[in-house]
>>> print(open('work.cif').read())   # mmCIF, C-alpha atoms and all ligand atoms
data_final
loop_
_atom_site.label_atom_id
_atom_site.label_comp_id
_atom_site.auth_asym_id
_atom_site.auth_seq_id
_atom_site.Cartn_x
_atom_site.Cartn_y
_atom_site.Cartn_z
CA MET G 1 5.88 40.98 -61.25
CA LYS G 2 8.39 39.18 -58.93
CA HIS G 3 9.47 35.62 -59.70
CA LYS G 4 12.46 33.25 -59.72
CA ASN G 5 12.58 32.46 -63.44
CA LEU G 6 15.84 33.42 -65.14
CA ILE G 7 14.80 34.28 -68.70
CA ASP G 8 17.61 36.75 -69.40
CA LEU G 9 20.50 38.15 -67.39
CA GLU G 10 19.09 41.63 -68.03
CA TYR G 11 16.49 40.91 -65.32
CA MET G 12 19.18 40.26 -62.71
CA THR G 13 20.21 43.40 -60.90
CA LYS G 14 23.89 44.32 -60.93
CA GLU G 15 24.00 43.45 -57.21
CA GLN G 16 22.49 40.00 -57.85
CA LEU G 17 24.97 39.41 -60.65
CA GLU G 18 27.89 40.38 -58.44
CA GLN G 19 26.49 38.21 -55.61
CA THR G 20 26.31 35.22 -57.98
CA ILE G 21 29.88 35.77 -59.23
CA ARG G 22 31.16 36.11 -55.66
CA LEU G 23 29.43 32.90 -54.60
CA ALA G 24 30.81 31.10 -57.70
CA GLY G 25 34.29 32.11 -56.52
CA VAL G 26 33.65 30.86 -52.99
CA ILE G 27 32.29 27.53 -54.28
CA ARG G 28 35.30 27.13 -56.55
CA GLN G 29 37.66 27.67 -53.59
CA ARG G 30 35.66 25.60 -51.04
CA PRO G 31 33.43 23.08 -52.86
CA ASP G 32 33.32 20.89 -49.71
CA VAL G 33 31.31 23.58 -47.88
CA TYR G 34 28.55 23.37 -50.50
CA LYS G 35 28.43 19.63 -51.14
CA HIS G 36 25.17 19.22 -49.19
CA ALA G 37 23.62 22.59 -50.16
CA CYS G 38 20.98 20.89 -52.32
CA ASP G 39 20.49 17.62 -50.44
CA GLY G 40 16.99 16.30 -51.15
CA LYS G 41 16.43 18.65 -54.11
CA ILE G 42 15.80 17.59 -57.71
CA MET G 43 16.61 19.46 -60.90
CA ALA G 44 14.87 18.65 -64.20
CA THR G 45 17.03 19.31 -67.27
CA LEU G 46 14.72 19.52 -70.29
CA PHE G 47 16.78 19.81 -73.46
CA TYR G 48 14.68 20.00 -76.62
CA GLU G 49 17.85 20.94 -78.55
CA PRO G 50 21.41 19.51 -78.50
CA SER G 51 23.85 20.68 -75.83
CA THR G 52 27.06 19.46 -74.22
CA ARG G 53 28.21 22.19 -71.84
CA THR G 54 24.98 23.77 -70.65
CA GLN G 55 23.21 20.50 -70.02
CA MET G 56 26.09 18.63 -68.41
CA SER G 57 27.36 21.58 -66.39
CA PHE G 58 23.88 22.02 -64.88
CA GLN G 59 23.71 18.32 -64.16
CA THR G 60 27.15 18.18 -62.55
CA ALA G 61 26.45 21.45 -60.71
CA MET G 62 23.34 19.94 -59.11
CA MET G 63 25.11 16.67 -58.28
CA ARG G 64 28.11 18.47 -56.75
CA LEU G 65 25.63 20.33 -54.51
CA GLY G 66 24.18 17.05 -53.29
CA GLY G 67 21.02 17.21 -55.43
CA LYS G 68 19.64 14.78 -58.01
CA ILE G 69 18.61 15.17 -61.63
CA ILE G 70 15.82 13.98 -63.94
CA GLY G 71 15.03 15.01 -67.51
CA PHE G 72 15.56 14.34 -71.19
CA ASP G 73 18.11 15.34 -73.80
CA ASN G 74 16.08 14.01 -76.69
CA PRO G 75 12.45 15.13 -76.57
CA MET G 76 11.59 12.29 -78.97
CA ASN G 77 12.13 9.93 -76.02
CA SER G 78 9.50 11.83 -74.02
CA SER G 79 5.79 12.48 -74.57
CA VAL G 80 6.77 15.51 -76.64
CA ALA G 81 6.97 12.88 -79.43
CA LYS G 82 3.24 12.25 -78.92
CA GLY G 83 2.46 15.93 -79.37
CA GLU G 84 2.51 17.14 -75.75
CA ASN G 85 2.71 20.93 -75.57
CA ILE G 86 5.04 23.03 -73.38
CA LYS G 87 2.26 23.96 -70.94
CA ASP G 88 1.45 20.36 -70.07
CA THR G 89 5.07 19.19 -69.91
CA ILE G 90 6.13 22.04 -67.62
CA THR G 91 3.02 21.83 -65.42
CA VAL G 92 3.71 18.13 -64.81
CA ILE G 93 7.51 18.39 -64.38
CA SER G 94 7.24 21.28 -61.93
CA GLY G 95 5.28 18.88 -59.73
CA TYR G 96 8.25 16.47 -59.79
CA ALA G 97 11.28 18.77 -59.57
CA ASP G 98 12.38 21.72 -57.42
CA ILE G 99 14.03 23.61 -60.27
CA ILE G 100 13.96 23.33 -64.08
CA ALA G 101 16.70 24.06 -66.64
CA MET G 102 15.27 24.14 -70.16
CA ARG G 103 16.65 24.61 -73.69
CA HIS G 104 14.21 24.86 -76.58
CA PRO G 105 14.76 25.83 -80.25
CA THR G 106 11.84 28.28 -80.39
CA GLU G 107 12.26 31.96 -79.50
CA GLY G 108 10.20 32.98 -76.48
CA SER G 109 9.73 29.39 -75.30
CA ALA G 110 11.42 30.07 -71.94
CA LYS G 111 9.01 32.87 -71.06
CA ALA G 112 6.09 30.69 -72.20
CA ALA G 113 7.29 27.77 -70.04
CA SER G 114 7.80 30.04 -67.03
CA TYR G 115 4.06 30.86 -66.99
CA TYR G 116 3.31 27.22 -66.19
CA SER G 117 6.15 26.41 -63.81
CA SER G 118 5.53 26.44 -60.08
CA VAL G 119 9.31 26.15 -59.45
CA PRO G 120 12.24 28.34 -60.64
CA LEU G 121 12.89 27.90 -64.35
CA ILE G 122 16.23 28.72 -65.96
CA ASN G 123 16.44 29.53 -69.66
CA CYS G 124 19.29 27.48 -71.16
CA GLY G 125 18.76 28.98 -74.62
CA ASP G 126 15.52 29.74 -76.47
CA GLY G 127 16.46 29.67 -80.15
CA GLY G 128 18.37 32.77 -81.22
CA HIS G 129 16.86 34.81 -78.37
CA PHE G 130 18.58 34.52 -74.94
CA HIS G 131 21.13 32.25 -73.22
CA PRO G 132 21.63 33.89 -69.81
CA THR G 133 23.79 31.23 -68.16
CA GLN G 134 26.33 31.45 -70.99
CA THR G 135 26.69 35.14 -70.20
CA LEU G 136 26.93 34.26 -66.53
CA THR G 137 29.72 31.84 -67.50
CA ASP G 138 31.45 34.61 -69.47
CA VAL G 139 31.34 37.18 -66.67
CA VAL G 140 32.42 34.63 -64.05
CA THR G 141 35.41 33.86 -66.33
CA LEU G 142 36.25 37.55 -66.76
CA SER G 143 36.08 38.02 -63.02
CA PHE G 144 38.26 34.95 -62.27
CA GLU G 145 40.81 35.60 -65.04
CA LYS G 146 40.98 39.43 -65.22
CA GLY G 147 39.98 40.22 -61.64
CA ARG G 148 37.51 42.89 -62.73
CA LEU G 149 34.49 43.55 -64.94
CA ASP G 150 35.24 47.19 -65.76
CA HIS G 151 37.68 49.11 -67.95
CA LEU G 152 38.17 46.22 -70.33
CA ARG G 153 38.69 46.49 -74.08
CA ILE G 154 36.66 43.59 -75.41
CA GLY G 155 36.91 42.30 -78.97
CA LEU G 156 34.04 40.18 -80.28
CA CYS G 157 34.68 38.29 -83.49
CA GLY G 158 32.64 36.19 -85.92
CA ASP G 159 28.87 35.92 -86.16
CA LEU G 160 27.86 39.06 -84.31
CA LEU G 161 24.44 39.08 -85.94
CA ASN G 162 23.10 35.68 -84.87
CA GLY G 163 25.27 35.07 -81.78
CA ARG G 164 22.90 35.45 -78.83
CA THR G 165 25.86 35.17 -76.43
CA VAL G 166 27.49 38.20 -78.06
CA HIS G 167 24.38 40.36 -77.64
CA SER G 168 23.90 39.32 -74.06
CA LEU G 169 27.59 39.82 -73.16
CA ILE G 170 27.63 43.34 -74.65
CA ASN G 171 24.40 44.19 -72.85
CA THR G 172 25.82 42.94 -69.55
CA MET G 173 29.28 44.52 -69.87
CA CYS G 174 27.66 47.88 -70.69
CA ARG G 175 26.49 47.89 -67.05
CA PHE G 176 30.10 48.18 -65.86
CA GLU G 177 32.15 51.36 -66.11
CA GLY G 178 34.73 52.06 -68.77
CA ASN G 179 34.31 49.01 -71.02
CA SER G 180 34.78 49.43 -74.76
CA PHE G 181 34.11 47.07 -77.64
CA VAL G 182 35.83 46.18 -80.91
CA LEU G 183 33.34 44.44 -83.20
CA ILE G 184 35.14 42.23 -85.70
CA SER G 185 32.87 40.79 -88.38
CA THR G 186 31.85 40.93 -92.01
CA LYS G 187 29.32 43.59 -92.97
CA GLU G 188 26.66 40.87 -93.32
CA LEU G 189 27.18 39.52 -89.79
CA SER G 190 27.58 42.79 -87.88
CA VAL G 191 25.71 43.41 -84.61
CA PRO G 192 22.06 44.42 -84.96
CA PRO G 193 21.14 48.10 -84.52
CA TYR G 194 19.51 47.59 -81.11
CA ILE G 195 22.85 46.41 -79.67
CA LYS G 196 24.56 49.53 -81.01
CA GLU G 197 21.84 51.59 -79.31
CA ILE G 198 22.57 49.82 -76.00
CA MET G 199 26.31 50.68 -76.27
CA GLU G 200 25.56 54.27 -77.23
CA LYS G 201 23.05 54.71 -74.41
CA ALA G 202 25.55 53.30 -71.89
CA GLY G 203 28.27 55.63 -73.20
CA CYS G 204 30.49 52.68 -74.18
CA GLU G 205 32.84 53.29 -77.08
CA TYR G 206 32.75 50.80 -79.94
CA THR G 207 34.45 50.36 -83.30
CA GLU G 208 33.60 48.05 -86.18
CA ILE G 209 36.38 46.41 -88.15
CA ASP G 210 36.71 43.49 -90.57
CA ASN G 211 40.34 42.52 -89.85
CA LEU G 212 41.20 40.37 -86.83
CA LYS G 213 44.97 40.91 -87.10
CA ASP G 214 44.57 44.70 -86.95
CA ALA G 215 42.06 44.52 -84.12
CA ILE G 216 43.85 42.15 -81.77
CA LYS G 217 46.79 44.25 -80.54
CA ASP G 218 44.96 46.48 -78.02
CA LEU G 219 42.51 43.95 -76.63
CA ASP G 220 42.18 42.71 -73.03
CA VAL G 221 39.66 40.08 -74.07
CA LEU G 222 38.96 38.40 -77.41
CA TYR G 223 35.59 36.64 -77.58
CA MET G 224 35.55 34.36 -80.62
CA THR G 225 32.26 32.93 -81.92
CA ARG G 226 31.23 30.27 -84.39
CA ILE G 227 29.28 31.15 -87.54
CA GLN G 228 25.81 29.92 -86.57
CA ARG G 229 25.03 27.60 -89.48
CA GLU G 230 21.59 26.69 -88.07
CA ARG G 231 20.44 30.34 -88.17
CA PHE G 232 21.11 30.84 -91.94
CA SER G 233 18.29 30.52 -94.45
CA SER G 234 20.51 28.83 -97.10
CA GLU G 235 23.68 26.74 -97.27
CA GLU G 236 25.17 29.21 -99.84
CA GLU G 237 24.77 32.08 -97.41
CA TYR G 238 26.54 30.08 -94.68
CA GLU G 239 29.36 29.02 -97.03
CA SER G 240 30.01 32.66 -97.95
CA GLN G 241 30.66 33.56 -94.28
CA LYS G 242 32.39 30.43 -93.04
CA GLY G 243 36.14 30.55 -92.37
CA VAL G 244 36.49 34.33 -92.80
CA PHE G 245 37.95 34.83 -89.29
CA VAL G 246 40.33 32.23 -87.90
CA LEU G 247 42.46 32.88 -84.84
CA ASP G 248 45.81 31.17 -85.25
CA LYS G 249 49.25 31.45 -83.62
CA GLU G 250 50.41 34.04 -86.12
CA LYS G 251 47.52 36.45 -85.34
CA LEU G 252 47.84 35.79 -81.62
CA SER G 253 51.49 36.87 -81.79
CA TYR G 254 50.27 40.49 -82.24
CA ALA G 255 48.22 40.38 -79.00
CA LYS G 256 49.12 41.55 -75.50
CA ASP G 257 50.58 39.00 -73.07
CA ASP G 258 47.62 39.38 -70.74
CA LEU G 259 44.94 38.99 -73.40
CA ILE G 260 42.44 36.24 -72.66
CA VAL G 261 40.72 34.36 -75.49
CA LEU G 262 37.18 33.22 -74.77
CA HIS G 263 34.70 31.20 -76.83
CA PRO G 264 31.28 29.92 -75.70
CA LEU G 265 32.01 26.68 -77.61
CA PRO G 266 31.37 24.50 -79.54
CA ARG G 267 34.19 25.55 -81.86
CA VAL G 268 34.11 24.70 -85.56
CA ASP G 269 37.18 26.18 -87.28
CA GLU G 270 37.40 29.75 -85.97
CA ILE G 271 40.21 28.95 -83.50
CA ALA G 272 43.08 26.83 -84.81
CA ILE G 273 43.88 23.85 -82.57
CA GLU G 274 47.47 25.18 -82.23
CA VAL G 275 46.08 28.06 -80.10
CA ASP G 276 44.81 25.67 -77.40
CA ASP G 277 48.24 25.38 -75.76
CA ASP G 278 48.78 29.14 -75.53
CA PRO G 279 48.32 30.34 -71.90
CA ARG G 280 45.99 33.06 -73.20
CA ALA G 281 43.49 30.47 -74.47
CA CYS G 282 40.88 30.37 -71.68
CA TYR G 283 37.90 28.74 -73.42
CA PHE G 284 38.21 25.33 -71.77
CA LYS G 285 38.65 26.93 -68.34
CA GLN G 286 35.61 29.07 -69.21
CA ALA G 287 33.49 25.93 -69.70
CA GLU G 288 34.58 24.71 -66.25
CA TYR G 289 33.95 28.09 -64.60
CA GLY G 290 30.41 27.97 -66.01
CA MET G 291 29.75 25.05 -63.70
CA TYR G 292 30.66 27.16 -60.64
CA GLY G 293 28.45 29.98 -61.91
CA ARG G 294 25.56 27.54 -62.32
CA MET G 295 26.18 26.03 -58.86
CA ALA G 296 25.93 29.53 -57.38
CA LEU G 297 22.76 30.25 -59.35
CA ILE G 298 21.09 27.02 -58.20
CA VAL G 299 21.99 27.70 -54.54
CA LEU G 300 20.61 31.25 -54.72
CA LEU G 301 17.41 30.30 -56.57
CA LEU G 302 16.63 27.46 -54.18
CA ARG G 303 16.94 29.63 -51.09
CA ALA G 304 13.57 29.56 -49.36
CA GLU G 305 13.27 33.30 -48.95
CA ASP G 306 12.35 35.72 -51.71
CA SER G 307 15.68 37.58 -51.51
CA PHE G 308 16.89 36.30 -54.86
CA SER G 309 14.02 36.94 -57.23
CA PHE G 310 13.64 38.95 -60.41
CA LYS G 311 11.31 41.76 -61.29
CA THR G 312 9.85 41.95 -64.79
CA PRO G 313 7.18 44.33 -66.06
CA ASP G 314 3.58 43.10 -65.99
CA PRO G 315 2.57 42.28 -69.57
CA ILE G 316 -0.53 43.67 -71.26
CA VAL G 317 -2.89 41.18 -72.92
CA SER G 318 -4.00 42.18 -76.40
CA GLU G 319 -5.91 40.15 -78.97
CA ALA G 320 -5.44 43.08 -81.39
CA HIS G 321 -1.68 42.47 -81.75
CA LYS G 322 0.41 39.65 -83.19
CA CYS G 323 4.14 39.00 -82.89
CA SER G 324 5.90 39.73 -86.19
CA ASN G 325 8.63 37.12 -85.58
CA PRO G 326 7.87 33.86 -87.47
CA LYS G 327 10.27 32.02 -85.10
CA CYS G 328 8.30 33.12 -82.01
CA ILE G 329 6.58 30.51 -79.84
CA THR G 330 3.29 32.43 -80.20
CA ASN G 331 3.34 31.66 -83.94
CA ASP G 332 3.61 27.90 -83.31
CA PRO G 333 0.07 26.50 -83.79
CA GLN G 334 0.74 23.77 -81.18
CA GLN G 335 1.13 26.48 -78.49
CA PHE G 336 -2.18 28.14 -79.42
CA TYR G 337 -3.25 28.49 -75.75
CA LEU G 338 -0.56 31.05 -74.84
CA PRO G 339 -1.95 34.37 -73.64
CA ARG G 340 -1.30 37.18 -76.17
CA ASN G 341 1.08 39.08 -73.91
CA PHE G 342 2.88 42.24 -75.02
CA TYR G 343 4.59 45.23 -73.46
CA LYS G 344 5.02 48.85 -74.47
CA LYS G 345 8.37 50.63 -74.78
CA SER G 346 8.93 54.10 -76.22
CA GLY G 347 5.39 54.09 -77.64
CA LYS G 348 5.90 50.77 -79.49
CA VAL G 349 4.37 47.38 -78.71
CA TYR G 350 6.67 44.35 -78.30
CA CYS G 351 6.05 40.63 -77.85
CA ASP G 352 6.47 39.65 -74.19
CA TYR G 353 7.89 36.24 -75.21
CA CYS G 354 10.56 36.99 -77.84
CA ASP G 355 10.86 40.82 -77.59
CA HIS G 356 10.20 41.36 -81.31
CA ILE G 357 8.01 44.22 -82.43
CA ALA G 358 4.29 43.39 -82.72
CA GLU G 359 2.10 43.88 -85.77
N1 LIG G 401 28.03 27.17 -75.00
C1 LIG G 401 26.99 26.33 -75.06
O1 LIG G 401 25.82 26.71 -74.88
O2 LIG G 401 27.34 25.04 -75.35
P1 LIG G 401 26.35 23.83 -75.52
O3 LIG G 401 25.49 24.12 -76.75
O4 LIG G 401 27.21 22.63 -75.69
O5 LIG G 401 25.47 23.77 -74.30
#
>>> encode(input="work.cif", output="structure tokens")
Amino acid sequence: MKHKNLIDLEYMTKEQLEQTIRLAGVIRQRPDVYKHACDGKIMATLFYEPSTRTQMSFQTAMMRLGGKIIGFDNPMNSSVAKGENIKDTITVISGYADIIAMRHPTEGSAKAASYYSSVPLINCGDGGHFHPTQTLTDVVTLSFEKGRLDHLRIGLCGDLLNGRTVHSLINTMCRFEGNSFVLISTKELSVPPYIKEIMEKAGCEYTEIDNLKDAIKDLDVLYMTRIQRERFSSEEEYESQKGVFVLDKEKLSYAKDDLIVLHPLPRVDEIAIEVDDDPRACYFKQAEYGMYGRMALIVLLLRAEDSFSFKTPDPIVSEAHKCSNPKCITNDPQQFYLPRNFYKKSGKVYCDYCDHIAE
């Protein structure tokens, strides 16, 4: 199935990813050339969940390209408050806008919405599932700051279990030669087994460690993450993990001079404020670079021809299966109309919306 909905970066070919990064670089250098690229076009930003960077960088990206924006950042100010489902909202909005950027707290919601959109739909985060434009932001930053996407030793620190950006970044960087990973977390918040399988399959070396000071000295990149409070089932569980890894000046003093420190933001307490002035701290630049990445993505998706589209496997419809993930959109009674779509991989059946195994 060919379409222009960006649900996950995995569905972008390596060539498309490199094309997007290249265009982001050109736009950054010559924004004047692109200031009318989206004249007459409208983007709808539908944010069912809070956001600063993703929402506003998409909005500024569209405006800097000459386009206009509509949308909501509080669904309670829209007819969602009256019980409108995703199907109806997306069907209506795709009649108003030329492109949609949507964030929703429920896993699989982006795929569900894409079924009802007649215009390109970009996933801006569907619960703990995917957040492709954050990964695009990360790789654009690596390309701008390190000049390459291969042969990097990348440390990832913090909540490696719940951090969707971590999973997506590892998955993406495994596509480039010679990258290796240092996974810095507590035992409880280590990366899930399927991510380890991806690294093993790609032949990427990885080590797991629970000490940031010991890990930092050999790194080219340190990707810090926040402990994802909203993904924990109890406050006690969150409290037991909070504040374990904090990057401060003292720890940074063991790092290489050309290390870059990234963070998808928002930060809580995992990077001390004193680090902000160190030239290796790149997280605020990263947030700005994300805007160029999103400008490039919008330009490419709104091209009339089909040259920038994604191929995903055709799902199978089965009433005999049910997604086992309680956080999946298919288990939300309000979205009862969604087709029961699944796919098969290595003899197992998976939910086409949230990629969890089916019952
Ligand atoms: N990194 C990121 O997604 O930030 P926001 O939640 O502010 O959009």
>>> residues_near_ligand(input="work.cif", ligand="ligand LIG 401 (chain G)", cutoff="7 Å", atoms="all atoms listed in the file", output="PyMOL selection string")
chain G and resi 50-55+134+264-266
>>> axis_aligned_box(input="work.cif", around="segment 176-190 of chain G", padding_each_side="5 Å", output="lines of an AutoDock Vina configuration file")
center_x = 31.2
center_y = 45.8
center_z = -79.6
size_x = 19.2
size_y = 22.5
size_z = 37.5
>>> residues_around(input="work.cif", residues="segment 81-92 of chain G", least_positions_apart="2", cutoff="9 Å", atoms="all atoms listed in the file", output="number ranges by chain")
G: 75-79, 94-96, 100, 109, 112-118, 334-335, 337-338
>>> residues_near_point(input="work.cif", point="(18.0, 36.3, -71.2)", cutoff="8 Å", atoms="all atoms listed in the file", output="number ranges by chain")
G: 6-11, 123, 129-132, 168
>>> residues_near_point(input="work.cif", point="(7.0, 44.0, -62.0)", cutoff="7 Å", atoms="all atoms listed in the file", output="PyMOL selection string")
chain G and resi 1-2+311-314
>>> atom_distance(input="work.cif", atom1="atom CA of Met43 of chain G", atom2="atom CA of Lys14 of chain G")
25.9 Å
>>> closest_residue(input="work.cif", among="G:Tyr292, G:Tyr206, G:Phe310, G:Phe245", to="Gln59 of chain G", atoms="all atoms listed in the file")
G:Tyr292
>>> closest_atom_pairs(input="work.cif", of="segment 193-223 of chain G", to="segment 178-182 of chain G", cutoff="10 Å", atoms="all atoms listed in the file", output="JSON lines")
{"residue": "G:Met199", "atom": "CA", "partner": "G:Ser180", "partner_atom": "CA", "distance": 8.7}
{"residue": "G:Ala202", "atom": "CA", "partner": "G:Gly178", "partner_atom": "CA", "distance": 9.8}
{"residue": "G:Gly203", "atom": "CA", "partner": "G:Gly178", "partner_atom": "CA", "distance": 8.6}
{"residue": "G:Cys204", "atom": "CA", "partner": "G:Ser180", "partner_atom": "CA", "distance": 5.4}
{"residue": "G:Glu205", "atom": "CA", "partner": "G:Ser180", "partner_atom": "CA", "distance": 4.9}
{"residue": "G:Tyr206", "atom": "CA", "partner": "G:Phe181", "partner_atom": "CA", "distance": 4.6}
{"residue": "G:Thr207", "atom": "CA", "partner": "G:Val182", "partner_atom": "CA", "distance": 5.0}
{"residue": "G:Glu208", "atom": "CA", "partner": "G:Val182", "partner_atom": "CA", "distance": 6.0}
{"residue": "G:Ile209", "atom": "CA", "partner": "G:Val182", "partner_atom": "CA", "distance": 7.3}
{"residue": "G:Leu212", "atom": "CA", "partner": "G:Val182", "partner_atom": "CA", "distance": 9.9}
{"residue": "G:Ala215", "atom": "CA", "partner": "G:Val182", "partner_atom": "CA", "distance": 7.2}
{"residue": "G:Ile216", "atom": "CA", "partner": "G:Val182", "partner_atom": "CA", "distance": 9.0}
{"residue": "G:Asp218", "atom": "CA", "partner": "G:Val182", "partner_atom": "CA", "distance": 9.6}
{"residue": "G:Leu219", "atom": "CA", "partner": "G:Val182", "partner_atom": "CA", "distance": 8.2}
{"residue": "G:Val221", "atom": "CA", "partner": "G:Phe181", "partner_atom": "CA", "distance": 9.6}
{"residue": "G:Leu222", "atom": "CA", "partner": "G:Val182", "partner_atom": "CA", "distance": 9.1}
>>> residues_around(input="work.cif", residues="segment 28-34 of chain G", least_positions_apart="5", cutoff="10 Å", atoms="all atoms listed in the file", output="MDAnalysis selection string")
chainID G and resid 22:23 39 64:66 289 291:293 295:296 299
>>> closest_residue(input="work.cif", among="G:Ala255, G:Cys38, G:Ala320, G:Leu17", to="Thr172 of chain G", atoms="only C-alpha atoms")
G:Leu17
>>> atom_distance(input="work.cif", atom1="atom CA of Tyr283 of chain G", atom2="atom CA of Gln16 of chain G")
24.6 Å
>>> atom_distance(input="work.cif", atom1="atom CA of Glu49 of chain G", atom2="atom CA of Arg303 of chain G")
28.8 Å
>>> closest_residue(input="work.cif", among="G:His3, G:Lys213, G:Lys322, G:Lys327", to="Gly155 of chain G", atoms="only C-alpha atoms")
G:Lys213
>>> build_atoms(input="work.cif", residues="segment 260-271 of chain G", atoms="N, CA, C and O atoms", output="PDB file, keeping the file's coordinate frame")
ATOM      1  N   ILE G 260      43.020  37.579 -72.827  1.00  0.00           N
ATOM      2  CA  ILE G 260      42.440  36.240 -72.660  1.00  0.00           C
ATOM      3  C   ILE G 260      41.511  35.969 -73.852  1.00  0.00           C
ATOM      4  O   ILE G 260      40.795  36.861 -74.313  1.00  0.00           O
ATOM      5  N   VAL G 261      41.575  34.761 -74.360  1.00  0.00           N
ATOM      6  CA  VAL G 261      40.720  34.360 -75.490  1.00  0.00           C
ATOM      7  C   VAL G 261      39.596  33.505 -74.947  1.00  0.00           C
ATOM      8  O   VAL G 261      39.831  32.481 -74.298  1.00  0.00           O
ATOM      9  N   LEU G 262      38.361  33.959 -75.204  1.00  0.00           N
ATOM     10  CA  LEU G 262      37.180  33.220 -74.770  1.00  0.00           C
ATOM     11  C   LEU G 262      36.398  32.728 -75.987  1.00  0.00           C
ATOM     12  O   LEU G 262      36.535  33.264 -77.091  1.00  0.00           O
ATOM     13  N   HIS G 263      35.586  31.718 -75.779  1.00  0.00           N
ATOM     14  CA  HIS G 263      34.700  31.200 -76.830  1.00  0.00           C
ATOM     15  C   HIS G 263      33.601  30.427 -76.093  1.00  0.00           C
ATOM     16  O   HIS G 263      33.916  29.606 -75.219  1.00  0.00           O
ATOM     17  N   PRO G 264      32.329  30.655 -76.430  1.00  0.00           N
ATOM     18  CA  PRO G 264      31.280  29.920 -75.700  1.00  0.00           C
ATOM     19  C   PRO G 264      31.314  28.427 -76.012  1.00  0.00           C
ATOM     20  O   PRO G 264      30.752  27.635 -75.259  1.00  0.00           O
ATOM     21  N   LEU G 265      31.953  28.055 -77.117  1.00  0.00           N
ATOM     22  CA  LEU G 265      32.010  26.680 -77.610  1.00  0.00           C
ATOM     23  C   LEU G 265      30.580  26.172 -77.937  1.00  0.00           C
ATOM     24  O   LEU G 265      29.639  26.657 -77.328  1.00  0.00           O
ATOM     25  N   PRO G 266      30.354  25.274 -78.837  1.00  0.00           N
ATOM     26  CA  PRO G 266      31.370  24.500 -79.540  1.00  0.00           C
ATOM     27  C   PRO G 266      32.105  25.323 -80.607  1.00  0.00           C
ATOM     28  O   PRO G 266      31.536  26.225 -81.208  1.00  0.00           O
ATOM     29  N   ARG G 267      33.378  24.934 -80.811  1.00  0.00           N
ATOM     30  CA  ARG G 267      34.190  25.550 -81.860  1.00  0.00           C
ATOM     31  C   ARG G 267      34.011  24.749 -83.140  1.00  0.00           C
ATOM     32  O   ARG G 267      33.835  23.533 -83.098  1.00  0.00           O
ATOM     33  N   VAL G 268      34.090  25.421 -84.271  1.00  0.00           N
ATOM     34  CA  VAL G 268      34.110  24.700 -85.560  1.00  0.00           C
ATOM     35  C   VAL G 268      35.527  24.834 -86.123  1.00  0.00           C
ATOM     36  O   VAL G 268      36.340  23.927 -85.980  1.00  0.00           O
ATOM     37  N   ASP G 269      35.830  25.998 -86.734  1.00  0.00           N
ATOM     38  CA  ASP G 269      37.180  26.180 -87.280  1.00  0.00           C
ATOM     39  C   ASP G 269      37.727  27.580 -87.010  1.00  0.00           C
ATOM     40  O   ASP G 269      38.736  27.967 -87.563  1.00  0.00           O
ATOM     41  N   GLU G 270      37.031  28.331 -86.151  1.00  0.00           N
ATOM     42  CA  GLU G 270      37.400  29.750 -85.970  1.00  0.00           C
ATOM     43  C   GLU G 270      38.587  29.946 -85.019  1.00  0.00           C
ATOM     44  O   GLU G 270      39.139  31.037 -84.962  1.00  0.00           O
ATOM     45  N   ILE G 271      38.956  28.894 -84.278  1.00  0.00           N
ATOM     46  CA  ILE G 271      40.210  28.950 -83.500  1.00  0.00           C
ATOM     47  C   ILE G 271      41.016  27.719 -83.891  1.00  0.00           C
ATOM     48  O   ILE G 271      40.554  26.575 -83.715  1.00  0.00           O
TER      49      ILE G 271
END
